[in-house]
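Engineer: What follows is target_17.txt, made up of compact mmCIF, C-alpha atoms and all ligand atoms:
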# COMPACT_ATOMS: atom_id res chain seq x y z
CA THR A 1393 -16.48 -4.96 3.59
CA ILE A 1394 -13.55 -3.29 1.92
CA SER A 1395 -13.66 -1.50 -1.40
CA ASN A 1396 -13.04 -4.55 -3.58
CA GLY A 1397 -15.90 -6.41 -2.01
CA THR A 1398 -13.81 -8.75 0.12
CA VAL A 1399 -15.46 -9.48 3.44
CA PHE A 1400 -13.25 -9.86 6.46
CA SER A 1401 -13.95 -10.33 10.09
CA THR A 1402 -12.04 -8.98 13.01
CA PRO A 1403 -10.98 -12.21 14.69
CA ASN A 1404 -10.59 -11.04 18.26
CA ASP A 1405 -11.47 -8.27 20.67
CA GLU A 1406 -7.91 -7.05 21.00
CA ASN A 1407 -8.33 -5.37 17.68
CA THR A 1408 -10.06 -2.12 17.25
CA ALA A 1409 -10.41 0.15 14.29
CA VAL A 1410 -8.73 2.93 16.24
CA LYS A 1411 -5.57 4.12 14.53
CA GLY A 1412 -2.41 2.84 16.15
CA GLN A 1413 -4.19 0.98 18.98
CA HIS A 1414 -3.85 -2.70 18.22
CA ARG A 1415 -1.66 -5.60 19.24
CA LEU A 1416 1.10 -4.78 16.73
CA ALA A 1417 1.35 -1.05 17.45
CA ASN A 1418 4.59 -1.26 19.46
CA GLU A 1419 6.35 -3.61 17.06
CA ILE A 1420 5.38 -1.45 14.10
CA GLU A 1421 6.50 1.74 15.81
CA HIS A 1422 9.90 0.21 16.50
CA ILE A 1423 10.42 -0.98 12.93
CA VAL A 1424 9.20 2.28 11.38
CA GLN A 1425 11.65 4.25 13.55
CA GLU A 1426 14.49 1.92 12.58
CA HIS A 1427 13.82 2.51 8.87
CA LEU A 1428 13.71 6.27 9.41
CA LYS A 1429 17.03 6.13 11.23
CA TYR A 1430 18.82 4.42 8.36
CA VAL A 1431 17.12 6.06 5.40
CA HIS A 1432 19.83 8.68 4.90
CA GLU A 1433 22.69 6.32 5.70
CA ASP A 1434 25.48 6.21 3.12
CA VAL A 1435 25.72 3.40 0.62
CA ASN A 1436 29.48 3.73 0.15
CA HIS A 1437 30.51 1.18 2.70
CA GLY A 1438 30.09 -2.41 1.54
CA TRP A 1439 27.29 -1.60 -0.92
CA ASP A 1440 27.76 -2.39 -4.61
CA LEU A 1441 25.95 -0.40 -7.26
CA ILE A 1442 24.49 -3.22 -9.36
CA HIS A 1443 22.16 -1.25 -11.62
CA GLN A 1444 21.81 2.33 -12.78
CA ASP A 1445 19.29 3.73 -15.21
CA GLY A 1446 18.85 7.50 -15.30
CA GLU A 1447 17.86 8.58 -11.82
CA MET A 1448 17.51 5.00 -10.60
CA LYS A 1449 20.32 3.44 -8.56
CA VAL A 1450 20.14 -0.06 -7.12
CA TYR A 1451 22.63 -1.14 -4.45
CA ARG A 1452 23.25 -4.50 -2.89
CA ARG A 1453 25.31 -5.74 0.05
CA GLU A 1454 26.35 -9.37 -0.32
CA VAL A 1455 25.43 -11.25 2.87
CA GLU A 1456 24.99 -14.95 3.57
CA GLU A 1457 23.56 -16.56 6.67
CA ASN A 1458 24.03 -20.31 7.15
CA GLY A 1459 24.78 -20.62 3.45
CA ILE A 1460 21.61 -18.76 2.44
CA VAL A 1461 21.92 -15.54 0.45
CA ILE A 1462 20.12 -12.72 2.25
CA ASP A 1463 21.66 -9.71 0.44
CA PRO A 1464 20.14 -6.43 1.68
CA MET A 1465 18.98 -4.21 -1.19
CA LYS A 1466 18.76 -0.44 -1.17
CA MET A 1467 17.61 1.68 -4.06
CA PHE A 1468 16.97 5.29 -4.93
CA HIS A 1469 14.88 6.82 -7.64
CA THR A 1470 13.35 10.16 -8.60
CA ILE A 1471 9.99 10.06 -10.33
CA LYS A 1472 8.64 13.07 -12.15
CA GLY A 1473 5.02 14.19 -11.81
CA VAL A 1474 3.97 12.24 -8.73
CA THR A 1475 3.98 12.83 -4.97
CA GLY A 1476 5.35 10.67 -2.19
CA HIS A 1477 1.83 10.15 -0.93
CA GLU A 1478 0.71 8.86 -4.34
CA MET A 1479 3.64 6.43 -4.60
CA CYS A 1480 2.96 5.08 -1.10
CA ARG A 1481 -0.80 4.94 -1.59
CA TYR A 1482 -0.54 2.79 -4.74
CA PHE A 1483 2.07 0.59 -3.06
CA TYR A 1484 -0.06 0.06 0.05
CA GLU A 1485 -3.59 -0.33 -1.27
CA TYR A 1486 -4.80 -3.83 -1.95
CA GLN A 1487 -6.92 -2.95 -4.97
CA TYR A 1488 -3.92 -1.91 -7.08
CA ARG A 1489 -1.55 -4.71 -6.05
CA MET A 1490 -2.10 -7.16 -8.88
CA GLU A 1491 -2.07 -4.35 -11.45
CA TRP A 1492 1.61 -3.62 -10.85
CA GLU A 1493 3.03 -6.71 -9.10
CA THR A 1494 4.61 -9.07 -11.61
CA THR A 1495 6.09 -11.57 -9.15
CA LEU A 1496 2.84 -12.69 -7.47
CA ASP A 1497 0.26 -15.39 -8.11
CA SER A 1498 -2.14 -13.95 -5.55
CA THR A 1499 -2.65 -11.52 -2.72
CA LYS A 1500 -5.27 -11.30 -0.02
CA ILE A 1501 -6.00 -9.32 3.09
CA ILE A 1502 -6.39 -11.56 6.11
CA GLU A 1503 -6.77 -8.92 8.80
CA VAL A 1504 -7.30 -5.20 9.09
CA LEU A 1505 -5.77 -3.69 12.23
CA ASP A 1506 -6.60 -0.10 11.46
CA PRO A 1507 -7.06 1.96 8.28
CA ASP A 1508 -3.28 2.27 7.95
CA THR A 1509 -2.31 -1.28 8.90
CA VAL A 1510 -3.35 -4.52 7.24
CA ILE A 1511 -2.05 -8.08 7.13
CA PHE A 1512 -1.55 -9.62 3.71
CA HIS A 1513 -1.00 -13.20 2.64
CA GLN A 1514 0.66 -13.42 -0.76
CA MET A 1515 1.70 -16.26 -3.01
CA HIS A 1516 4.80 -15.72 -5.10
CA LYS A 1517 5.31 -16.99 -8.59
CA ARG A 1518 7.63 -19.90 -8.66
CA VAL A 1519 10.76 -18.50 -10.28
CA TRP A 1520 13.41 -21.14 -10.15
CA PRO A 1521 13.93 -24.83 -9.46
CA SER A 1522 12.93 -24.42 -5.86
CA ALA A 1523 9.80 -24.57 -3.72
CA GLN A 1524 7.11 -21.96 -4.15
CA ARG A 1525 7.26 -19.09 -1.66
CA ASP A 1526 4.45 -17.42 0.18
CA ASN A 1527 4.59 -14.63 2.67
CA CYS A 1528 2.44 -13.18 5.37
CA PHE A 1529 3.20 -9.64 6.46
CA TRP A 1530 1.77 -6.59 8.10
CA SER A 1531 1.78 -3.53 5.90
CA HIS A 1532 1.67 -0.07 7.41
CA ILE A 1533 1.39 3.34 5.75
CA ARG A 1534 2.47 6.49 7.57
CA CYS A 1535 2.86 10.21 7.00
CA ILE A 1536 5.54 11.99 9.00
CA ALA A 1537 5.37 15.77 9.14
CA LYS A 1538 8.74 17.46 9.50
CA SER A 1539 7.68 21.09 9.72
CA GLU A 1540 5.00 23.45 8.43
CA GLU A 1541 7.06 24.40 5.36
CA ASP A 1542 8.57 21.02 4.43
CA GLN A 1543 6.72 18.34 2.55
CA PRO A 1544 6.06 15.35 4.83
CA ILE A 1545 7.75 11.99 4.48
CA TRP A 1546 5.45 9.16 3.42
CA LEU A 1547 6.38 5.57 3.99
CA VAL A 1548 5.09 2.03 3.80
CA VAL A 1549 6.68 -0.80 5.75
CA ASN A 1550 6.00 -4.47 4.98
CA HIS A 1551 7.19 -6.91 7.61
CA THR A 1552 6.71 -10.66 7.88
CA ILE A 1553 4.60 -11.97 10.75
CA PRO A 1554 3.11 -15.39 11.57
CA HIS A 1555 -0.68 -15.54 11.51
CA PRO A 1556 -3.19 -18.29 12.34
CA LEU A 1557 -5.06 -17.56 9.11
CA ALA A 1558 -1.89 -18.17 7.08
CA PRO A 1559 -0.27 -21.38 8.32
CA ILE A 1560 2.81 -22.57 6.44
CA LYS A 1561 1.82 -25.52 4.28
CA PRO A 1562 4.88 -27.53 3.17
CA PRO A 1563 6.36 -27.91 0.61
CA GLN A 1564 5.63 -24.22 0.40
CA VAL A 1565 8.32 -22.04 1.98
CA ARG A 1566 7.72 -18.81 3.85
CA LEU A 1567 9.70 -15.73 2.81
CA VAL A 1568 10.91 -13.54 5.64
CA ALA A 1569 11.12 -9.88 4.79
CA ASN A 1570 11.41 -6.37 6.10
CA VAL A 1571 10.77 -3.88 3.30
CA ALA A 1572 10.30 -0.12 3.33
CA LEU A 1573 9.27 2.38 0.68
CA ILE A 1574 10.11 5.91 1.83
CA CYS A 1575 9.13 8.93 -0.26
CA GLU A 1576 9.49 12.68 -0.24
CA THR A 1577 7.86 15.18 -2.59
CA VAL A 1578 9.98 17.90 -4.12
CA ILE A 1579 8.25 20.98 -5.57
CA ASN A 1580 10.26 22.78 -8.24
CA GLU A 1581 9.74 26.51 -8.84
CA PRO A 1582 6.74 26.59 -6.50
CA PRO A 1583 4.05 29.01 -7.70
CA LEU A 1584 2.97 31.66 -5.19
CA ASN A 1585 -0.40 30.01 -4.75
CA PRO A 1586 -0.07 26.32 -3.76
CA LYS A 1587 -3.29 25.70 -5.69
CA ASP A 1588 -1.38 26.42 -8.91
CA ILE A 1589 1.10 23.57 -8.44
CA LYS A 1590 1.07 21.38 -11.55
CA ARG A 1591 2.37 17.86 -12.04
CA GLU A 1592 5.26 19.31 -14.04
CA ASN A 1593 6.37 21.13 -10.85
CA ILE A 1594 6.61 18.01 -8.70
CA GLN A 1595 8.77 14.96 -8.32
CA CYS A 1596 9.10 12.19 -5.80
CA ARG A 1597 12.40 11.15 -4.24
CA LEU A 1598 12.12 7.53 -3.33
CA THR A 1599 14.16 5.16 -1.21
CA TYR A 1600 13.33 1.45 -1.13
CA VAL A 1601 15.06 -1.01 1.16
CA ALA A 1602 14.53 -4.75 1.26
CA PHE A 1603 15.86 -7.34 3.67
CA VAL A 1604 14.59 -10.62 2.32
CA ASN A 1605 15.45 -14.09 3.55
CA PRO A 1606 14.24 -16.74 1.09
CA GLY A 1607 13.38 -18.92 4.08
CA GLY A 1608 15.20 -21.98 2.85
CA TRP A 1609 18.07 -22.85 0.61
CA VAL A 1610 18.07 -21.39 -2.88
CA PRO A 1611 21.12 -21.55 -5.16
CA GLY A 1612 22.92 -18.29 -4.32
CA ALA A 1613 23.93 -17.42 -7.89
CA ALA A 1614 20.37 -17.91 -9.15
CA LEU A 1615 18.92 -15.79 -6.33
CA ARG A 1616 21.41 -12.99 -6.99
CA SER A 1617 20.68 -12.93 -10.67
CA VAL A 1618 16.92 -12.90 -10.10
CA ALA A 1619 17.30 -10.05 -7.60
CA LYS A 1620 19.53 -8.07 -9.96
CA ARG A 1621 16.91 -8.36 -12.70
CA GLU A 1622 13.69 -8.09 -10.68
CA TYR A 1623 14.30 -5.17 -8.30
CA PRO A 1624 15.11 -2.64 -11.06
CA ARG A 1625 12.22 -4.02 -13.08
CA PHE A 1626 9.87 -3.60 -10.14
CA LEU A 1627 11.00 -0.01 -9.49
CA LYS A 1628 10.67 1.03 -13.09
CA HIS A 1629 7.39 -0.75 -13.69
CA PHE A 1630 5.78 0.41 -10.45
CA SER A 1631 6.88 4.04 -10.99
CA ASN A 1632 5.48 4.05 -14.51
CA TYR A 1633 2.25 2.52 -13.20
CA VAL A 1634 1.79 5.34 -10.67
CA ILE A 1635 2.63 7.97 -13.31
CA GLU A 1636 -0.05 6.51 -15.60
CA GLN A 1637 -2.65 6.16 -12.84
CA THR A 1638 -2.26 9.73 -11.59
CA ARG A 1639 -1.61 11.61 -14.85
CA ASP A 1640 -5.11 13.09 -15.18
CA LYS A 1641 -6.07 13.06 -11.51
CA PRO A 1642 -5.82 15.92 -9.02
CA ILE A 1643 -2.50 15.85 -7.16
CA LEU A 1644 -2.71 13.96 -3.87
CA PHE A 1645 -0.33 15.70 -1.46
O1 LIG A 1701 7.86 -4.73 -2.31
C1 LIG A 1701 7.34 -5.33 -3.24
N1 LIG A 1701 6.14 -5.91 -3.14
C2 LIG A 1701 5.35 -5.87 -1.93
C3 LIG A 1701 3.89 -5.84 -2.32
O2 LIG A 1701 3.50 -7.00 -2.99
C4 LIG A 1701 5.59 -7.06 -1.06
C5 LIG A 1701 6.99 -7.10 -0.51
C6 LIG A 1701 7.23 -8.25 0.39
C7 LIG A 1701 7.95 -9.32 -0.10
C8 LIG A 1701 8.16 -10.42 0.72
C9 LIG A 1701 7.69 -10.43 2.01
C10 LIG A 1701 6.99 -9.32 2.51
C11 LIG A 1701 6.77 -8.24 1.69
O3 LIG A 1701 7.29 -5.89 0.13
C12 LIG A 1701 8.03 -5.46 -4.59
C13 LIG A 1701 8.99 -6.56 -4.50
C14 LIG A 1701 9.76 -6.77 -5.75
C15 LIG A 1701 10.77 -7.83 -5.50
C16 LIG A 1701 11.32 -8.42 -6.74
C17 LIG A 1701 12.56 -9.21 -6.51
C18 LIG A 1701 12.39 -10.54 -5.85
C19 LIG A 1701 13.75 -11.16 -5.79
C20 LIG A 1701 13.89 -12.35 -4.96
C21 LIG A 1701 13.36 -12.30 -3.55
C22 LIG A 1701 13.54 -13.64 -2.89
C23 LIG A 1701 12.61 -14.67 -3.43
C24 LIG A 1701 12.93 -16.03 -2.94
C25 LIG A 1701 12.02 -17.02 -3.54
Please go through the file and, once you have read it, give me the structure as structure tokens.
Ligand code: H15
Structural biologist:
Amino acid sequence: TISNGTVFSTPNDENTAVKGQHRLANEIEHIVQEHLKYVHEDVNHGWDLIHQDGEMKVYRREVEENGIVIDPMKMFHTIKGVTGHEMCRYFYEYQYRMEWETTLDSTKIIEVLDPDTVIFHQMHKRVWPSAQRDNCFWSHIRCIAKSEEDQPIWLVVNHTIPHPLAPIKPPQVRLVANVALICETVINEPPLNPKDIKRENIQCRLTYVAFVNPGGWVPGAALRSVAKREYPRFLKHFSNYVIEQTRDKPILF
């Protein structure tokens, strides 16, 4: 039983609760490493800045595949008063999902592979004259230590996967996505004693990348205008949500 009271069963013996030892471990490792490789890649070449608001910058690369718009998105933001761990924790944990997600009708956990890896099935709100979308994806949270002195990198990767507990039921269409939230904590004017670090001394540098294929034809212009509106809205709304949630809590490094 997980914290919200949902009961789940582990459907087969391949799965164990041991961290990183489950049937998806290799696939996840590969995709995590790929995101880490490209996180510092430049956005000059072929990327258009489509939205800027203070520290927030949202870039898009226009790409079509068989007439379907699959524009990769890449965005950067700096959020004051929160850590990378806090941003990733609120993004990953099921119990907060519907408090900040504005584009979903529902979310549920259909399998837990280990404490850092779960499989979600989510139903999207129907946003335009097109079939409703659902998606089934593994979600993995990870902390990567760079050195003793540096703050670690925290990340969450969400990646579509088929699952027997989430069959595609037409006319519903399955989204295909590979999304990563990658965060680093910056400590400004660090006090001599780490215990004295206050929220006013910290900020989170965030990178979010999304490769989303709508999984079926959607009018390109409509999709691009929804993306241009919804990604910045998500980033702003989610960041503010984490700021509000953590304001009076001890800092989670
Ligand atoms: O990353 C976001 N949400 C997470 C947690 O709910 C899920 C997401 C994911 C989406 C699809 C498949 C797998 C995982 O990582 C926030 C997403 C905000 C996106 C807002 C913009 C949507 C624009 C249009 C996308 C294509 C929709 C076609 C119907």
Engineer: Using all atoms listed in the file, which residue out of A:His1551, A:Lys1561, A:Arg1639, A:Arg1597 lies closest to ligand LIG 1701 (chain A)?
Structural biologist: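 Among the listed residues, the smallest separation from ligand LIG 1701 (chain A) belongs to A:His1551.
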Engineer: Take atom CA of Thr1552 of chain A and atom CA of Lys1538 of chain A and report the distance between them in Å, one decimal.
Structural biologist: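 Here the two named atoms are 28.2 Å from each other.
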Engineer: Edge lengths and centre in Å to one decimal, as JSON, of the axis-aligned box that encloses all listed atoms of segment 1474-1493 of chain A with 6 Å added on every side?
Structural biologist:
{"center_x": -0.8, "center_y": 2.8, "center_z": -5.7, "size_x": 24.3, "size_y": 32.0, "size_z": 23.5}
Engineer: Just checking: using all atoms listed in the file, which residue out of A:Asn1585, A:Asn1632, A:Thr1599, A:Gln1637 ends up closest to Val1450 of chain A?
Structural biologist: A:Thr1599
Engineer: Can you tell me which residues surround Met1490 of chain A at a distance of at most 12 Å, considering all atoms listed in the file, apart from same-chain residues fewer than 2 positions away, and format the answer as a VMD selection string?
Structural biologist: chain A and resid 1482 to 1488 1492 to 1500 1514 to 1516 1630 1633
Engineer: Can you write just those residues out, C-alpha atoms, as a PDB file, in the coordinates of the input?
Structural biologist:
ATOM      1  CA  TYR A1482      -0.540   2.790  -4.740  1.00  0.00           C
ATOM      2  CA  PHE A1483       2.070   0.590  -3.060  1.00  0.00           C
ATOM      3  CA  TYR A1484      -0.060   0.060   0.050  1.00  0.00           C
ATOM      4  CA  GLU A1485      -3.590  -0.330  -1.270  1.00  0.00           C
ATOM      5  CA  TYR A1486      -4.800  -3.830  -1.950  1.00  0.00           C
ATOM      6  CA  GLN A1487      -6.920  -2.950  -4.970  1.00  0.00           C
ATOM      7  CA  TYR A1488      -3.920  -1.910  -7.080  1.00  0.00           C
ATOM      8  CA  TRP A1492       1.610  -3.620 -10.850  1.00  0.00           C
ATOM      9  CA  GLU A1493       3.030  -6.710  -9.100  1.00  0.00           C
ATOM     10  CA  THR A1494       4.610  -9.070 -11.610  1.00  0.00           C
ATOM     11  CA  THR A1495       6.090 -11.570  -9.150  1.00  0.00           C
ATOM     12  CA  LEU A1496       2.840 -12.690  -7.470  1.00  0.00           C
ATOM     13  CA  ASP A1497       0.260 -15.390  -8.110  1.00  0.00           C
ATOM     14  CA  SER A1498      -2.140 -13.950  -5.550  1.00  0.00           C
ATOM     15  CA  THR A1499      -2.650 -11.520  -2.720  1.00  0.00           C
ATOM     16  CA  LYS A1500      -5.270 -11.300  -0.020  1.00  0.00           C
ATOM     17  CA  GLN A1514       0.660 -13.420  -0.760  1.00  0.00           C
ATOM     18  CA  MET A1515       1.700 -16.260  -3.010  1.00  0.00           C
ATOM     19  CA  HIS A1516       4.800 -15.720  -5.100  1.00  0.00           C
ATOM     20  CA  PHE A1630       5.780   0.410 -10.450  1.00  0.00           C
ATOM     21  CA  TYR A1633       2.250   2.520 -13.200  1.00  0.00           C
TER      22      TYR A1633
END
Engineer: Write out as a PyMOL selection string each polymer residue whose atoms come within 6 Å of segment 1600-1606 of chain A, counting all atoms listed in the file; drop sequence neighbours fewer than 6 positions from it.
Structural biologist: chain A and resi 1462+1464-1467+1567-1573
Engineer: Please save C-alpha atoms of the selected residues as a short mmCIF file (atom, residue, chain, number, x, y, z; two decimals), in the frame of the given file.
Structural biologist:
data_model
loop_
_atom_site.label_atom_id
_atom_site.label_comp_id
_atom_site.auth_asym_id
_atom_site.auth_seq_id
_atom_site.Cartn_x
_atom_site.Cartn_y
_atom_site.Cartn_z
CA ILE A 1462 20.12 -12.72 2.25
CA PRO A 1464 20.14 -6.43 1.68
CA MET A 1465 18.98 -4.21 -1.19
CA LYS A 1466 18.76 -0.44 -1.17
CA MET A 1467 17.61 1.68 -4.06
CA LEU A 1567 9.70 -15.73 2.81
CA VAL A 1568 10.91 -13.54 5.64
CA ALA A 1569 11.12 -9.88 4.79
CA ASN A 1570 11.41 -6.37 6.10
CA VAL A 1571 10.77 -3.88 3.30
CA ALA A 1572 10.30 -0.12 3.33
CA LEU A 1573 9.27 2.38 0.68
#
Engineer: Because the input lacks atoms here, generate N, CA and C atoms for segment 1411-1422 of chain A and report them as a PDB file, keeping the file's coordinate frame.
Structural biologist:
ATOM      1  N   LYS A1411      -6.915   4.008  15.085  1.00  0.00           N
ATOM      2  CA  LYS A1411      -5.570   4.120  14.530  1.00  0.00           C
ATOM      3  C   LYS A1411      -4.495   3.913  15.573  1.00  0.00           C
ATOM      4  N   GLY A1412      -3.574   3.004  15.299  1.00  0.00           N
ATOM      5  CA  GLY A1412      -2.410   2.840  16.150  1.00  0.00           C
ATOM      6  C   GLY A1412      -2.687   2.186  17.505  1.00  0.00           C
ATOM      7  N   GLN A1413      -3.916   1.658  17.703  1.00  0.00           N
ATOM      8  CA  GLN A1413      -4.190   0.980  18.980  1.00  0.00           C
ATOM      9  C   GLN A1413      -4.593  -0.451  18.702  1.00  0.00           C
ATOM     10  N   HIS A1414      -3.594  -1.295  18.491  1.00  0.00           N
ATOM     11  CA  HIS A1414      -3.850  -2.700  18.220  1.00  0.00           C
ATOM     12  C   HIS A1414      -2.639  -3.478  18.689  1.00  0.00           C
ATOM     13  N   ARG A1415      -2.709  -4.791  18.622  1.00  0.00           N
ATOM     14  CA  ARG A1415      -1.660  -5.600  19.240  1.00  0.00           C
ATOM     15  C   ARG A1415      -0.285  -5.430  18.607  1.00  0.00           C
ATOM     16  N   LEU A1416      -0.201  -4.917  17.384  1.00  0.00           N
ATOM     17  CA  LEU A1416       1.100  -4.780  16.730  1.00  0.00           C
ATOM     18  C   LEU A1416       1.665  -3.365  16.810  1.00  0.00           C
ATOM     19  N   ALA A1417       0.958  -2.464  17.470  1.00  0.00           N
ATOM     20  CA  ALA A1417       1.350  -1.050  17.450  1.00  0.00           C
ATOM     21  C   ALA A1417       2.805  -0.828  17.883  1.00  0.00           C
ATOM     22  N   ASN A1418       3.223  -1.479  18.959  1.00  0.00           N
ATOM     23  CA  ASN A1418       4.590  -1.260  19.460  1.00  0.00           C
ATOM     24  C   ASN A1418       5.642  -1.796  18.507  1.00  0.00           C
ATOM     25  N   GLU A1419       5.410  -2.993  18.011  1.00  0.00           N
ATOM     26  CA  GLU A1419       6.350  -3.610  17.060  1.00  0.00           C
ATOM     27  C   GLU A1419       6.492  -2.726  15.811  1.00  0.00           C
ATOM     28  N   ILE A1420       5.365  -2.261  15.320  1.00  0.00           N
ATOM     29  CA  ILE A1420       5.380  -1.450  14.100  1.00  0.00           C
ATOM     30  C   ILE A1420       6.117  -0.129  14.342  1.00  0.00           C
ATOM     31  N   GLU A1421       5.837   0.482  15.473  1.00  0.00           N
ATOM     32  CA  GLU A1421       6.500   1.740  15.810  1.00  0.00           C
ATOM     33  C   GLU A1421       8.016   1.559  15.794  1.00  0.00           C
ATOM     34  N   HIS A1422       8.470   0.494  16.408  1.00  0.00           N
ATOM     35  CA  HIS A1422       9.900   0.210  16.500  1.00  0.00           C
ATOM     36  C   HIS A1422      10.521   0.049  15.110  1.00  0.00           C
TER      37      HIS A1422
END
